[in-house]
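S.K.: Supplied structure: entry_27.cif, mmCIF, C-alpha atoms and all ligand atoms.
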data_query
loop_
_atom_site.label_atom_id
_atom_site.label_comp_id
_atom_site.auth_asym_id
_atom_site.auth_seq_id
_atom_site.Cartn_x
_atom_site.Cartn_y
_atom_site.Cartn_z
CA MET T 918 88.43 -11.43 13.59
CA LYS T 919 85.06 -13.10 13.05
CA LYS T 920 85.01 -16.56 14.63
CA ILE T 921 82.34 -18.40 12.70
CA LEU T 922 80.72 -21.70 13.49
CA VAL T 923 79.85 -23.01 10.03
CA THR T 924 77.66 -26.10 10.24
CA GLY T 925 77.29 -28.55 7.37
CA GLY T 926 80.50 -27.24 5.84
CA ALA T 927 81.38 -30.58 4.26
CA GLY T 928 78.27 -30.56 2.08
CA PHE T 929 77.74 -28.95 -1.31
CA ILE T 930 76.99 -25.30 -0.49
CA GLY T 931 78.89 -25.21 2.81
CA SER T 932 82.14 -26.52 1.32
CA ASN T 933 81.91 -24.09 -1.58
CA PHE T 934 81.35 -21.33 0.99
CA ILE T 935 84.40 -22.28 3.07
CA ASN T 936 86.65 -22.63 0.02
CA TYR T 937 85.46 -19.29 -1.32
CA ILE T 938 85.66 -17.32 1.92
CA LEU T 939 89.06 -18.61 3.05
CA SER T 940 90.63 -17.83 -0.29
CA ASN T 941 89.26 -14.27 -0.18
CA ARG T 942 89.33 -13.21 3.46
CA LYS T 943 91.93 -13.09 6.21
CA ASP T 944 89.57 -11.72 8.90
CA ILE T 945 87.60 -14.94 9.36
CA PHE T 946 88.28 -18.07 11.40
CA ILE T 947 86.01 -21.02 10.64
CA VAL T 948 85.04 -23.94 12.84
CA ASN T 949 83.33 -26.41 10.53
CA LEU T 950 80.97 -28.68 12.46
CA ASP T 951 79.69 -31.49 10.26
CA LYS T 952 78.25 -34.91 11.06
CA LEU T 953 79.58 -36.33 7.78
CA THR T 954 76.32 -37.94 6.77
CA TYR T 955 76.15 -39.56 3.34
CA ALA T 956 76.20 -36.00 1.93
CA GLY T 957 79.27 -34.73 3.80
CA ASN T 958 82.64 -35.21 2.15
CA LEU T 959 86.00 -33.97 3.39
CA GLN T 960 87.43 -34.35 -0.12
CA ASN T 961 85.56 -31.10 -0.86
CA LEU T 962 87.81 -29.28 1.60
CA LYS T 963 91.28 -30.52 0.62
CA ASP T 964 92.42 -26.98 -0.29
CA VAL T 965 91.70 -25.53 3.17
CA GLU T 966 92.71 -28.44 5.42
CA GLN T 967 96.03 -26.80 6.36
CA ASN T 968 94.71 -23.25 6.51
CA PRO T 969 95.45 -21.76 9.97
CA ASN T 970 92.05 -20.04 9.91
CA TYR T 971 90.19 -23.33 9.61
CA THR T 972 89.38 -26.29 11.81
CA PHE T 973 87.09 -29.26 11.33
CA VAL T 974 85.01 -30.98 14.00
CA LYS T 975 83.05 -34.13 13.23
CA GLY T 976 79.79 -33.95 15.15
CA ASP T 977 76.05 -33.49 15.22
CA ILE T 978 74.32 -30.11 15.59
CA VAL T 979 71.72 -31.88 17.75
CA ASN T 980 74.44 -32.59 20.34
CA ASP T 981 73.96 -29.72 22.79
CA GLU T 982 77.00 -30.62 24.89
CA LEU T 983 79.30 -30.54 21.88
CA VAL T 984 77.82 -27.35 20.44
CA SER T 985 78.10 -25.60 23.80
CA TYR T 986 81.73 -26.77 24.16
CA LEU T 987 82.57 -25.36 20.71
CA PHE T 988 80.94 -22.00 21.45
CA GLN T 989 83.10 -21.66 24.55
CA LYS T 990 86.34 -23.13 23.23
CA TYR T 991 86.41 -21.02 20.06
CA GLU T 992 84.58 -17.94 21.44
CA ILE T 993 82.19 -18.10 18.52
CA THR T 994 80.98 -14.69 17.28
CA HIS T 995 78.85 -15.81 14.30
CA VAL T 996 76.90 -18.89 13.23
CA ILE T 997 76.08 -19.90 9.65
CA ASN T 998 73.80 -22.90 9.70
CA PHE T 999 74.10 -24.80 6.43
CA ALA T 1000 73.69 -28.21 8.11
CA ALA T 1001 70.56 -30.01 6.99
CA GLU T 1002 69.09 -33.09 5.48
CA SER T 1003 68.57 -31.48 2.09
CA HIS T 1004 66.99 -33.90 -0.37
CA VAL T 1005 63.24 -33.74 -0.98
CA ASP T 1006 62.99 -37.31 -2.32
CA ARG T 1007 64.70 -38.72 0.78
CA SER T 1008 62.28 -36.77 2.99
CA ILE T 1009 59.44 -38.50 1.16
CA LEU T 1010 61.04 -41.89 1.83
CA GLY T 1011 61.38 -41.06 5.56
CA SER T 1012 60.87 -37.77 7.42
CA GLU T 1013 62.20 -38.40 10.93
CA ILE T 1014 65.85 -37.49 10.36
CA PHE T 1015 64.67 -34.31 8.61
CA PHE T 1016 62.77 -33.26 11.70
CA ARG T 1017 65.69 -34.18 13.95
CA THR T 1018 68.47 -32.36 12.10
CA ASN T 1019 66.60 -29.48 10.50
CA VAL T 1020 64.32 -28.56 13.41
CA LEU T 1021 65.91 -29.89 16.62
CA GLY T 1022 69.43 -29.21 15.36
CA THR T 1023 68.61 -25.59 14.52
CA ASN T 1024 66.98 -25.26 17.92
CA VAL T 1025 70.14 -26.45 19.68
CA LEU T 1026 72.22 -23.91 17.75
CA LEU T 1027 69.75 -21.12 18.60
CA GLU T 1028 69.75 -22.06 22.29
CA ASN T 1029 73.54 -21.86 22.36
CA ALA T 1030 73.56 -18.55 20.49
CA LYS T 1031 71.15 -17.25 23.12
CA ARG T 1032 73.22 -18.67 26.00
CA PHE T 1033 76.64 -17.41 24.86
CA GLY T 1034 75.65 -14.44 22.71
CA VAL T 1035 76.72 -13.95 19.08
CA GLU T 1036 76.90 -11.00 16.72
CA LYS T 1037 74.93 -12.77 14.00
CA PHE T 1038 73.16 -16.07 13.39
CA ILE T 1039 72.53 -16.81 9.71
CA GLN T 1040 69.96 -19.48 9.04
CA ILE T 1041 70.37 -20.90 5.52
CA SER T 1042 66.83 -21.55 4.40
CA THR T 1043 65.25 -22.24 1.04
CA ASP T 1044 62.60 -20.96 -1.37
CA GLU T 1045 60.78 -24.27 -0.86
CA VAL T 1046 59.30 -22.94 2.41
CA TYR T 1047 56.95 -20.79 0.30
CA GLY T 1048 55.33 -23.77 -1.41
CA SER T 1049 54.46 -23.89 -5.10
CA LEU T 1050 53.61 -21.18 -7.64
CA GLY T 1051 51.21 -21.20 -10.58
CA PRO T 1052 52.40 -19.94 -13.99
CA GLU T 1053 52.72 -16.32 -12.79
CA GLY T 1054 54.35 -14.43 -9.92
CA GLN T 1055 57.40 -14.82 -7.68
CA PHE T 1056 58.04 -15.53 -4.01
CA GLU T 1057 58.68 -12.40 -1.95
CA GLU T 1058 59.98 -12.33 1.63
CA THR T 1059 56.43 -11.55 2.76
CA THR T 1060 54.85 -14.49 0.90
CA THR T 1061 53.02 -16.81 3.30
CA LEU T 1062 54.91 -19.99 4.13
CA GLN T 1063 53.14 -23.04 2.67
CA PRO T 1064 55.74 -25.82 2.67
CA ASN T 1065 54.63 -28.99 0.92
CA SER T 1066 57.27 -31.70 1.34
CA PRO T 1067 58.51 -33.01 4.71
CA TYR T 1068 61.87 -31.40 3.84
CA ALA T 1069 60.28 -28.01 3.17
CA ALA T 1070 58.11 -28.26 6.30
CA SER T 1071 61.18 -28.95 8.45
CA LYS T 1072 63.01 -25.95 6.95
CA ALA T 1073 59.96 -23.72 7.52
CA ALA T 1074 59.77 -24.89 11.15
CA ALA T 1075 63.45 -24.00 11.61
CA ASP T 1076 62.80 -20.53 10.13
CA MET T 1077 59.94 -20.00 12.54
CA MET T 1078 62.10 -21.00 15.52
CA ALA T 1079 64.88 -18.68 14.36
CA LEU T 1080 62.49 -15.72 14.02
CA ALA T 1081 60.91 -16.54 17.38
CA PHE T 1082 64.37 -16.49 19.03
CA HIS T 1083 64.96 -13.08 17.53
CA HIS T 1084 61.56 -11.77 18.62
CA THR T 1085 61.63 -13.24 22.12
CA TYR T 1086 65.30 -13.22 23.12
CA GLN T 1087 66.82 -10.76 20.61
CA VAL T 1088 69.11 -13.45 19.16
CA PRO T 1089 70.52 -11.62 16.09
CA VAL T 1090 69.04 -13.93 13.47
CA VAL T 1091 69.07 -13.32 9.72
CA ILE T 1092 67.48 -15.78 7.28
CA THR T 1093 68.40 -16.34 3.64
CA ARG T 1094 66.02 -18.17 1.30
CA CYS T 1095 67.74 -19.21 -1.89
CA SER T 1096 66.51 -20.99 -4.99
CA ASN T 1097 67.99 -24.18 -6.55
CA ASN T 1098 71.80 -24.19 -6.56
CA TYR T 1099 74.14 -25.94 -8.99
CA GLY T 1100 77.92 -26.15 -9.26
CA PRO T 1101 80.92 -28.23 -8.13
CA TYR T 1102 80.62 -30.77 -5.30
CA GLN T 1103 76.83 -31.16 -5.52
CA PHE T 1104 75.84 -34.63 -4.35
CA PRO T 1105 74.76 -36.82 -7.30
CA GLU T 1106 71.20 -37.31 -5.99
CA LYS T 1107 70.19 -33.79 -7.12
CA LEU T 1108 68.81 -33.13 -10.62
CA ILE T 1109 71.81 -31.56 -12.38
CA PRO T 1110 74.65 -33.84 -11.18
CA LEU T 1111 72.41 -36.90 -11.43
CA MET T 1112 71.60 -36.17 -15.06
CA ILE T 1113 75.22 -35.31 -15.97
CA ILE T 1114 76.53 -38.51 -14.39
CA ASN T 1115 73.83 -40.76 -15.86
CA SER T 1116 74.47 -39.24 -19.25
CA LEU T 1117 78.24 -39.80 -18.97
CA ASN T 1118 77.48 -43.41 -17.94
CA ASN T 1119 74.93 -43.93 -20.78
CA LYS T 1120 72.22 -44.58 -18.19
CA LYS T 1121 68.60 -43.49 -18.49
CA LEU T 1122 67.75 -39.96 -17.30
CA PRO T 1123 64.65 -40.29 -15.06
CA VAL T 1124 62.42 -37.24 -15.54
CA TYR T 1125 59.54 -36.99 -13.05
CA GLY T 1126 56.02 -36.46 -14.42
CA ASP T 1127 55.78 -34.36 -17.58
CA GLY T 1128 59.16 -32.68 -17.06
CA MET T 1129 57.48 -29.26 -17.00
CA ASN T 1130 58.08 -28.46 -13.33
CA VAL T 1131 60.04 -25.23 -13.14
CA ARG T 1132 63.00 -24.44 -10.90
CA ASP T 1133 64.86 -21.12 -10.59
CA TRP T 1134 68.60 -21.86 -10.86
CA ILE T 1135 71.57 -20.09 -9.27
CA TYR T 1136 75.29 -20.84 -9.39
CA VAL T 1137 76.52 -21.78 -5.92
CA ILE T 1138 79.18 -19.04 -5.83
CA ASP T 1139 76.53 -16.37 -6.43
CA HIS T 1140 74.56 -17.79 -3.51
CA ASN T 1141 77.63 -17.79 -1.30
CA LYS T 1142 78.46 -14.19 -2.18
CA ALA T 1143 74.97 -13.32 -0.96
CA VAL T 1144 75.68 -15.18 2.30
CA GLU T 1145 78.94 -13.21 2.67
CA LEU T 1146 77.07 -9.92 2.18
CA VAL T 1147 74.49 -10.94 4.75
CA LEU T 1148 77.31 -11.82 7.14
CA ASP T 1149 78.86 -8.37 6.72
CA LYS T 1150 75.84 -6.15 6.22
CA GLY T 1151 72.60 -8.10 6.68
CA LYS T 1152 70.11 -6.54 9.08
CA VAL T 1153 69.15 -8.73 12.02
CA GLY T 1154 65.56 -9.93 12.17
CA GLU T 1155 65.31 -9.80 8.37
CA VAL T 1156 64.74 -12.41 5.69
CA TYR T 1157 66.53 -12.11 2.33
CA ASN T 1158 65.48 -14.01 -0.78
CA VAL T 1159 68.31 -14.99 -3.12
CA GLY T 1160 67.81 -16.01 -6.75
CA ALA T 1161 69.21 -15.29 -10.19
CA ASN T 1162 66.02 -15.04 -12.30
CA THR T 1163 66.79 -18.23 -14.19
CA GLU T 1164 63.58 -20.22 -14.44
CA LYS T 1165 63.79 -23.42 -16.47
CA PRO T 1166 61.49 -26.40 -16.92
CA ASN T 1167 63.31 -29.58 -15.87
CA ILE T 1168 63.10 -31.12 -19.34
CA GLU T 1169 64.92 -28.13 -20.83
CA ILE T 1170 67.78 -28.65 -18.36
CA VAL T 1171 67.92 -32.37 -19.14
CA LYS T 1172 68.04 -31.78 -22.90
CA LEU T 1173 70.76 -29.16 -22.48
CA LEU T 1174 72.88 -31.52 -20.37
CA LEU T 1175 72.48 -34.27 -22.97
CA LYS T 1176 73.56 -31.88 -25.72
CA HIS T 1177 76.66 -30.75 -23.81
CA THR T 1178 77.66 -34.31 -22.95
CA GLY T 1179 77.24 -35.39 -26.57
CA LYS T 1180 74.34 -37.81 -25.98
CA THR T 1181 70.94 -38.17 -27.65
CA GLU T 1182 67.47 -37.63 -26.19
CA GLU T 1183 66.87 -41.39 -26.39
CA LEU T 1184 68.35 -41.56 -22.90
CA ILE T 1185 65.38 -39.60 -21.48
CA GLU T 1186 62.91 -41.71 -19.53
CA TYR T 1187 59.71 -40.17 -18.18
CA VAL T 1188 58.97 -41.81 -14.82
CA LYS T 1189 56.24 -41.61 -12.19
CA ASP T 1190 55.96 -38.15 -10.65
CA ARG T 1191 57.37 -37.16 -7.25
CA PRO T 1192 54.46 -37.28 -4.73
CA GLY T 1193 53.27 -33.72 -3.99
CA HIS T 1194 55.74 -32.34 -6.56
CA ASP T 1195 55.88 -28.53 -6.37
CA ARG T 1196 55.11 -27.16 -9.83
CA ARG T 1197 57.07 -23.96 -9.99
CA TYR T 1198 59.54 -21.90 -7.93
CA ALA T 1199 60.58 -18.34 -8.80
CA ILE T 1200 62.26 -15.95 -6.43
CA ASP T 1201 62.14 -12.17 -6.20
CA SER T 1202 65.50 -10.96 -4.87
CA THR T 1203 64.83 -7.21 -5.14
CA LYS T 1204 65.38 -6.74 -1.41
CA ILE T 1205 68.93 -8.12 -1.21
CA LYS T 1206 69.81 -6.25 -4.42
CA ASN T 1207 68.47 -2.91 -3.23
CA GLU T 1208 69.49 -3.13 0.42
CA LEU T 1209 72.82 -4.98 0.26
CA GLY T 1210 73.87 -4.42 -3.36
CA TRP T 1211 73.93 -8.12 -4.28
CA VAL T 1212 74.04 -9.18 -7.93
CA ALA T 1213 74.42 -12.60 -9.55
CA HIS T 1214 77.63 -12.52 -11.57
CA HIS T 1215 77.36 -15.88 -13.34
CA SER T 1216 75.13 -16.46 -16.36
CA PHE T 1217 73.41 -19.83 -16.50
CA GLU T 1218 74.75 -20.46 -20.01
CA SER T 1219 78.41 -20.32 -18.98
CA ALA T 1220 78.17 -21.58 -15.38
CA ILE T 1221 76.29 -24.73 -16.44
CA GLN T 1222 79.08 -25.51 -18.92
CA ASP T 1223 81.69 -24.99 -16.18
CA THR T 1224 79.68 -27.33 -13.97
CA ILE T 1225 79.48 -30.05 -16.62
CA LYS T 1226 83.21 -29.70 -17.19
CA TRP T 1227 83.82 -29.98 -13.44
CA TYR T 1228 81.95 -33.32 -13.33
CA ILE T 1229 83.83 -34.56 -16.39
CA ASP T 1230 87.17 -33.56 -14.81
CA HIS T 1231 86.34 -34.96 -11.33
CA GLN T 1232 85.11 -38.46 -12.10
CA LYS T 1233 87.09 -39.90 -9.19
CA TRP T 1234 85.10 -37.67 -6.79
CA TRP T 1235 81.70 -38.89 -7.92
CA LYS T 1236 82.69 -42.48 -8.77
CA GLU T 1237 83.65 -43.01 -5.14
CA ILE T 1238 80.23 -41.72 -4.09
CA ILE T 1239 78.12 -43.67 -6.54
CA SER T 1240 79.94 -46.94 -5.93
CA GLY T 1241 78.95 -47.02 -2.24
CA ASP T 1242 75.64 -46.76 -0.36
CA TYR T 1243 74.33 -44.50 -3.07
CA GLN T 1244 73.49 -47.59 -5.14
CA ASN T 1245 71.03 -48.74 -2.47
CA TYR T 1246 69.40 -45.33 -2.37
CA TYR T 1247 69.19 -45.17 -6.17
CA GLN T 1248 67.61 -48.59 -6.34
CA LEU T 1249 65.03 -47.76 -3.66
CA GLN T 1250 64.21 -44.31 -5.01
CA TYR T 1251 63.95 -45.14 -8.70
CA SER T 1252 62.22 -48.50 -8.34
CA SER T 1253 59.37 -46.57 -6.68
CA HIS T 1254 59.25 -44.25 -9.72
CA SER T 1255 59.12 -46.92 -12.43
P1 LIG F 1301 74.06 -31.14 1.43
O1 LIG F 1301 73.11 -32.23 1.69
O2 LIG F 1301 74.97 -31.20 0.27
O3 LIG F 1301 74.99 -30.92 2.72
C1 LIG F 1301 74.48 -30.95 4.03
C2 LIG F 1301 75.67 -31.07 4.99
O4 LIG F 1301 75.15 -31.05 6.33
C3 LIG F 1301 76.45 -32.38 4.85
O5 LIG F 1301 77.84 -32.11 4.88
C4 LIG F 1301 76.03 -33.19 6.06
O6 LIG F 1301 77.03 -34.10 6.51
C5 LIG F 1301 75.75 -32.09 7.07
N1 LIG F 1301 74.82 -32.52 8.13
C6 LIG F 1301 73.62 -33.15 7.96
N2 LIG F 1301 73.08 -33.41 9.17
C7 LIG F 1301 73.92 -32.88 10.10
C8 LIG F 1301 73.87 -32.79 11.52
N3 LIG F 1301 72.85 -33.32 12.21
N4 LIG F 1301 74.89 -32.19 12.16
C9 LIG F 1301 75.95 -31.68 11.47
N5 LIG F 1301 76.04 -31.75 10.13
C10 LIG F 1301 75.03 -32.32 9.45
O7 LIG F 1301 73.17 -29.82 1.38
P2 LIG F 1301 73.37 -28.47 0.53
O8 LIG F 1301 72.73 -28.63 -0.78
O9 LIG F 1301 74.78 -28.06 0.64
O10 LIG F 1301 72.46 -27.48 1.38
C11 LIG F 1301 73.01 -26.70 2.43
C12 LIG F 1301 71.91 -25.84 3.03
O11 LIG F 1301 71.36 -24.98 2.03
C13 LIG F 1301 70.75 -26.63 3.59
O12 LIG F 1301 70.32 -26.01 4.79
C14 LIG F 1301 69.66 -26.52 2.52
O13 LIG F 1301 68.39 -26.60 3.10
C15 LIG F 1301 69.95 -25.14 1.97
N6 LIG F 1301 69.57 -24.91 0.56
C16 LIG F 1301 69.99 -25.76 -0.42
C17 LIG F 1301 69.68 -25.48 -1.75
C18 LIG F 1301 70.16 -26.36 -2.87
O14 LIG F 1301 69.77 -26.13 -4.02
N7 LIG F 1301 70.99 -27.34 -2.63
C19 LIG F 1301 68.93 -24.34 -2.05
C20 LIG F 1301 68.50 -23.51 -1.03
C21 LIG F 1301 68.84 -23.79 0.27
O1 LIG F 1302 65.69 -37.82 -10.78
C1 LIG F 1302 65.13 -36.71 -10.73
N1 LIG F 1302 64.22 -36.39 -11.69
C2 LIG F 1302 63.55 -35.21 -11.71
O2 LIG F 1302 62.72 -34.97 -12.61
C3 LIG F 1302 65.40 -35.73 -9.70
C4 LIG F 1302 66.40 -36.02 -8.62
C5 LIG F 1302 64.71 -34.55 -9.74
N2 LIG F 1302 63.80 -34.28 -10.70
C6 LIG F 1302 63.07 -32.99 -10.67
C7 LIG F 1302 62.37 -32.69 -9.36
C8 LIG F 1302 62.43 -31.19 -9.29
O3 LIG F 1302 61.35 -30.62 -9.99
O4 LIG F 1302 64.04 -31.97 -10.81
C9 LIG F 1302 63.73 -30.83 -10.01
C10 LIG F 1302 64.89 -30.54 -9.07
O5 LIG F 1302 64.97 -31.61 -8.14
P1 LIG F 1302 66.06 -31.64 -6.97
O6 LIG F 1302 67.42 -31.49 -7.56
O7 LIG F 1302 65.77 -32.83 -6.13
O8 LIG F 1302 65.77 -30.27 -6.20
P2 LIG F 1302 64.45 -29.69 -5.48
O9 LIG F 1302 63.52 -30.75 -5.10
O10 LIG F 1302 63.94 -28.56 -6.34
O11 LIG F 1302 65.13 -29.09 -4.14
C11 LIG F 1302 66.38 -28.37 -4.22
O12 LIG F 1302 66.20 -26.98 -4.21
C12 LIG F 1302 65.86 -26.38 -3.00
C13 LIG F 1302 67.34 -28.78 -3.11
O13 LIG F 1302 67.50 -30.17 -3.11
C14 LIG F 1302 66.88 -28.29 -1.77
O14 LIG F 1302 67.82 -28.61 -0.76
C15 LIG F 1302 66.70 -26.81 -1.84
O15 LIG F 1302 66.16 -26.33 -0.66
#
Could you render the structure as structure tokens?
Ligand code: NAD
Ligand code: TDX
M.R.:
Amino acid sequence: MKKILVTGGAGFIGSNFINYILSNRKDIFIVNLDKLTYAGNLQNLKDVEQNPNYTFVKGDIVNDELVSYLFQKYEITHVINFAAESHVDRSILGSEIFFRTNVLGTNVLLENAKRFGVEKFIQISTDEVYGSLGPEGQFEETTTLQPNSPYAASKAAADMMALAFHHTYQVPVVITRCSNNYGPYQFPEKLIPLMIINSLNNKKLPVYGDGMNVRDWIYVIDHNKAVELVLDKGKVGEVYNVGANTEKPNIEIVKLLLKHTGKTEELIEYVKDRPGHDRRYAIDSTKIKNELGWVAHHSFESAIQDTIKWYIDHQKWWKEIISGDYQNYYQLQYSSHS
């Protein structure tokens, strides 16, 4: 039995991971440690609440005493660190919490993995650590890290700490660097859910700059299958890029979402650009394909329609979110872009 400390399991990718893994595997026990920040939501985990192979602990990964207690109590054998402050725009509004959670929090987890010993420590990183691309080329695992936003810099610092713990103390670290995810339970601040929800609400769709920034999209389940493969077969000390070769300019995504929600392009509003906005991301995932046999099973064309349908069918989920503190964030963020 693998006894896995999953951090940030009440967020978008972490909750999809837990739901997926517990419905497919009987050899895994999960302790989900989540601070329940604005982005954490236990509604995402309703289906696993009663599962005997699952337990939830509300707490902060920066809390060394708590983390150390959990390692001992549950005899943790693996760590998957999804917990993070994850939104680039919020990191531009204020960077301190990004440093605290993403860097210090990862450090606390690494220290405990070193102290108690684990079989594997998976650090969930991001393609944003590589910086921005011109019109050609893709990020490879060997590409130099050149993070541009405070968010990306904090994730790159965490990667460096993780690799240093492997090099110095032989902590069995593996890093995954995935491209932009989409799918159910994504918090409405991110491009795809934000645009779907605004469109459903007949609100303007705020496109930064010229709308020609490119992101490389992957369905969250394909990402999580890569994490599962890394858990089972990933080689320690290695970095694996994960991406589904689906580059799209933002404006193309926005127009597609409008079409599928039955609205016109009059809702599009070009607004002031994100400061330091990375122009293009594209990820080369040859390594995880060749070495671990990973493939993306979902095409963008069908998975984006499933995602739109999910938001249409789960209005209660996102209406609760956008009626609360989110309004204050939205006001602050988008008044600075007008
Ligand atoms: P999210 O913001 O939806 O969820 C983050 C979760 O972490 C939340 O449940 C939150 O409550 C929890 N959390 C935050 N601070 C914490 C702390 N100090 N202690 C414990 N829990 C804490 O993020 P996401 O989109 O699910 O991203 C998950 C991970 O994947 C992050 O590490 C992110 O950097 C990485 N990633 C995300 C994407 C993407 O497109 N969303 C792509 C590549 C990598
Ligand atoms: O209102 C908006 N208008 C807009 O034009 C928002 C929220 C975004 N955008 C643009 C900015 C980006 O070019 O859309 C693109 C995607 O933006 P986000 O959804 O904020 O994602 P991004 O900044 O690319 O970062 C995401 O991918 C990598 C995740 O949030 C990170 O956690 C992950 O590491």
S.K.: Give as a PyMOL selection string the residues surrounding ligand LIG 1302 (chain F) up to a distance of 6 Å, considering all atoms listed in the file.
M.R.: chain T and resi 1003-1005+1043+1045+1096-1097+1106-1108+1123-1125+1130+1167
S.K.: Residues within 7 Å of segment 1156-1163 of chain T, please, as a VMD selection string. Count only C-alpha atoms; anything in the same chain fewer than 6 positions from it doesn't count.
M.R.: chain T and resid 1058 1091 to 1096 1133 to 1135 1140 1200 to 1202 1204 to 1205 1213
S.K.: Around ligand LIG 1301 (chain F), at most 8 Å away and counting all atoms listed in the file, which residues are there? Put them as a PyMOL selection string, please.
M.R.: chain T and resi 924-932+950-958+975-979+998-1004+1017-1019+1022+1040-1045+1072+1094-1099+1102-1104+1107
S.K.: Please indicate the distance in Å from atom CA of Ile938 of chain T to atom CA of Lys1142 of chain T, rounded to one decimal place.
M.R.: 8.9 Å
S.K.: Counting all atoms listed in the file, which residue out of T:Glu982, T:Glu1028, T:Glu966, T:Glu1186 sits closest to Thr1085 of chain T?
M.R.: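 Going through T:Glu982, T:Glu1028, T:Glu966, T:Glu1186 one by one, the smallest distance to Thr1085 of chain T is for T:Glu1028.
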